[in-house]
Amino acid sequence: MAVGTGERRGELPDPAGAADLAEFVGLLGELRAWAGMPSYRSLARRVGPLLRPAREVSASTLADVFKPGRRRLDLDLVTALVRALGAGEDEVGRWRASGVRVHREAKSGGPTGVLHQLPADLAVFTGRERELQDLLAAAPRPGSPAATVVISSIEGMGGVGKTRLAVHAAHLLVRAGRFADVQLYVNLYGFDPEREPADPAEVLASFLRQLGVPAASVPSGADERAAMFRDRLKDRAALLLLDNAEDEEQVRDLIPAHPGCLVLVTGRRSLAGLDGARIHQLDVLEDAEAVELLAAVAGRERIDADRAASARVARACGNLPLALTIAGARLKARPAWTAADLLVYLDRGGLDAMTVGRRSLRPVFDLSLAALPRPARLLFLLLGIQPGADVTAEAAAALAGVTVGTARATLEALCDEYLLLQLAPGRFELHDILRAYASETAADRLPAGDRERAVGRLLDWYGGTAEAAATALLPSLGMPSPTRSGPGTPGPDPRHPGTPGPDPRHPGPPVTQFVDRGAAVAWLEAEHGNLLAAAAAARAAGHPAAAWRIPAAASVLRAVNQNWPACEALLAGALAEVLRTGDLAAQAWLRNRLGATATELGRTGEAEEMFTEALAARRALGDRDGEAAVLNNLVIFYSRTDRPRTGLEHASLALELAREQGNTDREASALNAMAACQSALGRNAAALELMQQVVAIRESRGDGYRLGLAYILTGSRHHDLGQFEEAAACNTRAREIARRSGDRFGEGEALLGLAKSLLGQGRPAPARDCLREAVAVFDELAAEPYLAEARRLLTVTVH
């Protein structure tokens, strides 16, 4: 009986088929697989007593027997090993005889002319049509004027099907009559759980023997071997398949010089540093290709019986070929299952369900993780627990507690290892299955406290940066002072010394500051999904400050763009979180903004209730500036609900408070609110005079966005008075300010106001041009009421 925990599989390997020592060692590995893959330790315990004389054998000694590139083997040890693996005595004799033969041939130079080495083509190959065509098109053609050897590097994450594609492409070329004389293949073991990466010098020695060079004539030095290898392939159209490369250095000396040669290299690490290499980055399969691969493995009838469930199985596998192959084999092995049953199995089992027989997805990723430097390993694991869909270098720095420069370099290194995707410049994300793997592995290798502190740092950074961006949009935002959750600095995990904590000297980057409004808008737009995910994570993790501050800050861009339903949803979620904390200042701030939002949405009763509660809270806190902010919004509310006289009373109080505090921003807001009330009362001249005071204050303050808004409102007052040229001048100035400050909504509003002024002057043609531009802006921002008005006026100008 074999030593291993598994069962014997199939027929015994035949040692007579070994052409040389390397193949003999490979067949020993197959014999171990036949015996159920016993561990080296268990084999060592069994082998020692079988030797004559008996002696103790270490596990490392046995592991060396199975390593490629050996020049000789201890035949007594091999004989005992074959017995320990369960072979009968007749078989043991055959293995010994073959061992003697390959050693003898190695001394004499061995067999020659082993020139057709491609592994068998795959019975199941689907999809990859574009990638195949790219590889075939890049291959040199007979008689073509190629100047250098063609090197095609097929790269991608583990399990994406690099070897499958390379082998299939090579066979297609050979079947087409190309590279018929020489096809060399080697597994370089760049990522292997039991073998060290192949030594290029040993690979060269093997290639030279296969090209007919006697072993005794193979040079001892790597450079001399490389030179002889290039000489032997001179003027020969050879195809080399270098599988599973570790890096550029491992393959550099294996490249022939003849321009008629083709080198196909596969690897999980970028070989962009290899001179002349054409990089073919392999992604996961397209949806249709993924389902086709499932059908090819599991059987088309079962997949076609429920295409919807099969498509969900493919998505659960992340369209990753290895995962699809494992899942399809699992379905094939369970005749009673349907695709829906397989889906349930995968959903329940997670990454561990991606196993069938001896094939498993997790060890594939374990190898990639183990090959990473320690800082990259930590960041990769942390990326599995960060809440957003992707990260920037700044966010990654906050997550890992390192500098931005360090984070950026580490992210790029992870991309080079094909463990991370960069689908847009500066933004990085994990493939779904790699994210699941990173999350599960982080839960196992990183202490809970370290994970919580890492996420806490990220939430603090998102919250602080979102507030900075919101303040750049509305300088008078006045959010209550934050209560930070404390970044903390985790230390190394004593259970996993290979996974260190962040450097305590670097708690992460400071909050990003925005020098202009356009940058703030761009950041809030790009990070919107991540901000929502961060807020949800803050709620789940018990970070109350981040749970309300992040959506509150994110709502500002929606308010600026007049997307009031989205703004209200964010603010309402924030208020629900604040009500749990008892933070009266935060409640007042949010209710004031919710009141303004409800006003815009026409829900007057709700708006008045919010303003009343916000005003009471500000007065209870003795916050005079906050009271003025609420009063200004309340005045606007009264101007729109047929109570402009009441609004004027509140505006006078707001103006008094602002001047008492010396707050010119609040003073301008109060004057603006008073102008709205005067306009509602039909006092257009008084309203214009007030707005001119607002413009003067905003000009003196250099208020940018708010100055543009003041010009738009001043233009409206001129328009009400029939002063169309003055109104046009105000809107033209507002448009210039909006463009300079990156205020798309302000630009649209200015264009709409300018069009009205031009229509008032009897100039429909230029008004039509303005309206078309306004429609484009409002359509882009989904600002429906303004879009509807611009379209209505455009129709008027056309007819």
# chains A, B, ... in the order shown; residues from 1 in each chain; ligands from 1
>>> residues_around(residues="segment 674-685 of chain A", least_positions_apart="3", cutoff="6 Å", atoms="only C-alpha atoms", output="ChimeraX atom specification")
/A:639,644,648,651,671,688,690
>>> residues_around(residues="Arg269 of chain A", least_positions_apart="5", cutoff="8 Å", atoms="only C-alpha atoms", output="list in words")
Glu155, Gly156, Ala245, Glu246, Asp247, Asp416, Glu417 and Tyr418 of chain A
>>> closest_residue(among="A:Leu381, A:Ala222, A:Val149, A:Ala298", to="Cys261 of chain A", atoms="only C-alpha atoms")
A:Val149
>>> atom_distance(atom1="atom CA of Gly529 of chain A", atom2="atom CA of Ala783 of chain A")
19.7 Å
>>> residues_around(residues="segment 723-726 of chain A", least_positions_apart="3", cutoff="9 Å", atoms="only C-alpha atoms", output="list in words")
Gly715, Arg717, His718, His719, Asp720, Ala729, Cys730, Asn731, Lys756, Ser757, Leu758, Leu759, Gly760 and Gln761 of chain A
>>> residues_around(residues="Val313 of chain A", least_positions_apart="4", cutoff="9 Å", atoms="only C-alpha atoms", output="list in words")
Val291, Leu294, Ala308, Ala309, Cys317, Gly318, Asn319, Leu324, Ala327, Ala339, Ala340, Leu342, Leu343 and Leu346 of chain A
>>> closest_residue(among="A:Leu293, A:Ala63, A:Leu378, A:Ala734", to="Thr410 of chain A", atoms="only C-alpha atoms")
A:Leu378
>>> residues_around(residues="Ala296 of chain A", least_positions_apart="5", cutoff="9 Å", atoms="only C-alpha atoms", output="PDB file with all heavy atoms, in the first residue's frame")
ATOM      1  N   VAL A 124      -9.969  20.510 -24.438  1.00  0.00           N
ATOM      2  CA  VAL A 124     -10.976  21.547 -24.221  1.00  0.00           C
ATOM      3  C   VAL A 124     -10.310  22.908 -24.351  1.00  0.00           C
ATOM      4  O   VAL A 124      -9.466  23.271 -23.535  1.00  0.00           O
ATOM      5  CB  VAL A 124     -11.620  21.412 -22.830  1.00  0.00           C
ATOM      6  CG1 VAL A 124     -12.569  22.570 -22.584  1.00  0.00           C
ATOM      7  CG2 VAL A 124     -12.349  20.087 -22.710  1.00  0.00           C
ATOM      8  N   PHE A 125     -10.632  23.642 -25.394  1.00  0.00           N
ATOM      9  CA  PHE A 125     -10.135  25.015 -25.545  1.00  0.00           C
ATOM     10  C   PHE A 125     -11.232  25.840 -26.176  1.00  0.00           C
ATOM     11  O   PHE A 125     -11.712  25.518 -27.270  1.00  0.00           O
ATOM     12  CB  PHE A 125      -8.871  25.065 -26.415  1.00  0.00           C
ATOM     13  CG  PHE A 125      -8.233  26.426 -26.410  1.00  0.00           C
ATOM     14  CD1 PHE A 125      -7.255  26.741 -25.478  1.00  0.00           C
ATOM     15  CD2 PHE A 125      -8.633  27.405 -27.310  1.00  0.00           C
ATOM     16  CE1 PHE A 125      -6.670  28.003 -25.461  1.00  0.00           C
ATOM     17  CE2 PHE A 125      -8.063  28.656 -27.290  1.00  0.00           C
ATOM     18  CZ  PHE A 125      -7.076  28.957 -26.365  1.00  0.00           C
ATOM     19  N   THR A 126     -11.645  26.884 -25.486  1.00  0.00           N
ATOM     20  CA  THR A 126     -12.714  27.740 -26.005  1.00  0.00           C
ATOM     21  C   THR A 126     -12.299  29.190 -25.877  1.00  0.00           C
ATOM     22  O   THR A 126     -11.485  29.558 -25.019  1.00  0.00           O
ATOM     23  CB  THR A 126     -14.031  27.539 -25.229  1.00  0.00           C
ATOM     24  OG1 THR A 126     -13.816  27.894 -23.857  1.00  0.00           O
ATOM     25  CG2 THR A 126     -14.484  26.090 -25.296  1.00  0.00           C
ATOM     26  N   VAL A 291     -19.233  30.804 -20.294  1.00  0.00           N
ATOM     27  CA  VAL A 291     -20.292  29.783 -20.316  1.00  0.00           C
ATOM     28  C   VAL A 291     -19.916  28.665 -21.282  1.00  0.00           C
ATOM     29  O   VAL A 291     -20.171  27.479 -21.017  1.00  0.00           O
ATOM     30  CB  VAL A 291     -21.641  30.417 -20.700  1.00  0.00           C
ATOM     31  CG1 VAL A 291     -22.725  29.340 -20.842  1.00  0.00           C
ATOM     32  CG2 VAL A 291     -22.078  31.438 -19.649  1.00  0.00           C
ATOM     33  N   THR A 325     -13.090  25.765 -14.961  1.00  0.00           N
ATOM     34  CA  THR A 325     -12.762  24.365 -15.214  1.00  0.00           C
ATOM     35  C   THR A 325     -13.044  23.515 -13.977  1.00  0.00           C
ATOM     36  O   THR A 325     -13.603  22.415 -14.073  1.00  0.00           O
ATOM     37  CB  THR A 325     -11.287  24.237 -15.625  1.00  0.00           C
ATOM     38  OG1 THR A 325     -11.058  25.024 -16.802  1.00  0.00           O
ATOM     39  CG2 THR A 325     -10.923  22.792 -15.912  1.00  0.00           C
ATOM     40  N   GLY A 328     -16.843  23.328 -13.555  1.00  0.00           N
ATOM     41  CA  GLY A 328     -17.419  22.436 -14.550  1.00  0.00           C
ATOM     42  C   GLY A 328     -17.133  20.980 -14.237  1.00  0.00           C
ATOM     43  O   GLY A 328     -18.004  20.103 -14.409  1.00  0.00           O
TER      44      GLY A 328
END
>>> select_by_dssp(residues="segment 369-463 of chain A", states="strand (DSSP E or B)", output="PyMOL selection string")
chain A and resi 391+421-424+427-429
>>> write_last_selection(atoms="C-alpha atoms", output="JSON list (two decimals), in the first residue's frame")
[["chain", "number", "residue", "atom", "x", "y", "z"],
["A", 391, "VAL", "CA", -8.47, 52.70, -4.49],
["A", 421, "LEU", "CA", -5.96, 45.73, -12.07],
["A", 422, "GLN", "CA", -5.51, 49.33, -13.19],
["A", 423, "LEU", "CA", -8.55, 49.93, -15.39],
["A", 424, "ALA", "CA", -8.18, 53.72, -15.24],
["A", 427, "ARG", "CA", -7.18, 53.78, -9.85],
["A", 428, "PHE", "CA", -6.55, 50.19, -8.76],
["A", 429, "GLU", "CA", -8.91, 47.29, -8.08]]
>>> atom_distance(atom1="atom CA of Leu165 of chain A", atom2="atom CA of Ala323 of chain A")
15.9 Å
>>> atom_distance(atom1="atom CA of Asp253 of chain A", atom2="atom CA of Pro119 of chain A")
22.3 Å
